[in-house]
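This report refers to the structure that appears directly beneath it.
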Amino acid sequence: MIPRPNLVRETGGSFPLTGTTTSLDPGLPAEGYVLDVGADGISVRGGSPAAIFYGTQTLRQLSDSGTAPGVHIEDAPRFGWRGVLLDVARHFMPVPDVLRFIDLAAFHKLNVLHLHLTDDQGWRIEVPGWPRLTSIGSRRPRTMLGARQHALYDDRPHGGHYTDDDLRRIVAYAAERHVTVVPEIDMPGHMQAAIAAYPELGNGFAGEVRTSWGISPHVLNMRPATLDFCRQVLDHVCALFPSPLIGIGGDECPVDEWASWSDEPHTIQPRFTAEMAAHLATHGRRVLGWDEILAGGAPPDAVIAAWRGVAPIAVAAAAGHDVVACPDTSVYLDYRQSDDPGEPTPVGTLLTLADVYAFEPPPADRLLGAQANVWTEHMESARRVDYMAYPRLCAFAEVVWSSGPRDFAEFGDRLRPHLARLDALGVNYRPLSGPRPQDARPGAPGHPRSLEDRLAELHQMTADLRRV
């Protein structure tokens, strides 16, 4: 079973799946459950409907050809936030594929889908009164192939966006599986798609949706009309998503274009973030932002997604913020899985299945949990997402669910039969033996990096946080 339950006692025998009795038990933890399979039948007791759902996912994994072994299981999660980010801005993912992604995450007892809806390379959500966000901002004329260092392109146009009904369907589908969808509208940087649609939001740029990867220098201006635009976007997001947290990004925002607005352009973003946080508070929501928003002071109730190594986790907690651990060198699932030349578009540091399984979020008083991030610059299809996410997401699910010591060899013994379940679910996971010939993308070359090089870069990138 994956993730591994906290207590499993085999009671012997094999019993038909003729019906399952479920009941709420207020004496159990909110997400804790007890599963019993025996001669008296099958029962799942849970501290909440979500807990009962998790118990039934365990039962799904136990069942084989209409029977299940006699067993008594007591289980509860290690963390309350067991998340995965899906980037649908770089490569649009149709609704059925998003629903399938949710199904697979829920099967592994993950409970947060961080949905990255906008970026320089695409805007995927309708906003009333701003039709060009989708008629222009959701489309790009071509797409970069491979790492940006190679400057190669596929000249096929790419695009797509979600209607309001699409997003309501995604939210409802996730809620049925006890997954909270946390939307993200990245601002004030990563906004070139919006500025391409409405140049008056920018600082003089009049061009197309970004076609290359990397960070656009074109950011929002700070005019009152632009701030009103941001508020209108967030109003609509709040109307569609019941999540108590709303992501506003705040990461990788160049300040060069703000030099004409202020002698201290680095002070602009903290004020912007504070204004958006105050507006979200009128809806009863809190800001989720990347750890860059700590520089200059994050809003007091902001939740921090700490991605630039592990150092920002401690900084966020010390500043009194709830924090989600998602350091790139441990849980960025776009990073290469091996040194095999057949790996598709190998970028970033080496992040093997064993590396993900070894991830241990550093202790912090305000640590909500952890999140794996699936950035899709190099994932042009749902099958490619499968390949990059699984089985590493299986390992991550165990990290955030299961308590106690972990043994990678023992995990491997459970993973091998689990892969048969993924086969049955049609998941195009990466084989444990390595990439298949059809997995390679020779026309989309990568840019591997060493861990030492990346850690040195992260140290430089977070110098501002060491002054917080």
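Convention: chains lettered A, B, ... in structure tokens order; per-chain residue numbering from 1; ligands numbered from 1 as shown.
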Which residues are near Gly404 in chain A? Cut-off 9 Å, only C-alpha atoms, ignore same chain within fewer than 2 positions. Put them as a tab-separated table (two decimals) with N, CA, C and O atoms, in the first residue's frame.
```tsv
chain	number	residue	atom	x	y	z
A	6	ASN	N	-0.05	3.71	9.02
A	6	ASN	CA	0.74	3.77	10.24
A	6	ASN	C	0.72	2.46	11.03
A	6	ASN	O	1.70	2.12	11.70
A	402	SER	N	2.81	9.36	5.76
A	402	SER	CA	3.21	8.31	6.69
A	402	SER	C	4.18	8.82	7.75
A	402	SER	O	5.13	9.55	7.44
A	406	ARG	N	11.60	5.80	7.45
A	406	ARG	CA	11.36	5.34	6.09
A	406	ARG	C	12.54	4.51	5.62
A	406	ARG	O	13.69	4.82	5.90
```
**OP:** Mind listing the helix (DSSP H, G or I) residues of range 10-236 of chain A, per DSSP on the backbone, as JSON, numbers by chain?
**Re:** {"A": [49, 50, 51, 52, 53, 54, 55, 56, 57, 58, 59, 60, 61, 62, 95, 96, 97, 98, 99, 100, 101, 102, 103, 104, 105, 106, 107, 132, 133, 134, 135, 148, 149, 150, 164, 165, 166, 167, 168, 169, 170, 171, 172, 173, 174, 175, 176, 192, 193, 194, 195, 196, 197, 199, 200, 201, 224, 225, 226, 227, 228, 229, 230, 231, 232, 233, 234, 235, 236]}
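Residue nearest Tyr390 in chain A, chosen from A:Leu465, A:Leu28, A:Leu333, A:Val237 and counting only C-alpha atoms: A:Leu333.
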Original post:
Which polymer residues have any atom within 7 Å of an atom of Pro141 in chain A, counting only C-alpha atoms, with same-chain residues fewer than 2 positions away left out, as a VMD selection string?
Top reply: chain A and resid 139 155 to 158
Original post:
Excluding same-chain residues fewer than 3 positions from range 121-128 of chain A, what lies within 6 Å of it counting only C-alpha atoms, as a PyMOL selection string?
Top reply: chain A and resi 89-90+117-118+137-138+161-162+193+209-210
Original post:
Which one of A:Asn428, A:Thr134, A:Thr273, A:Thr56 sits closest to Gly297 in chain A if you count only C-alpha atoms?
Top reply: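 Closest to Gly297 in chain A of all the choices is A:Thr273.
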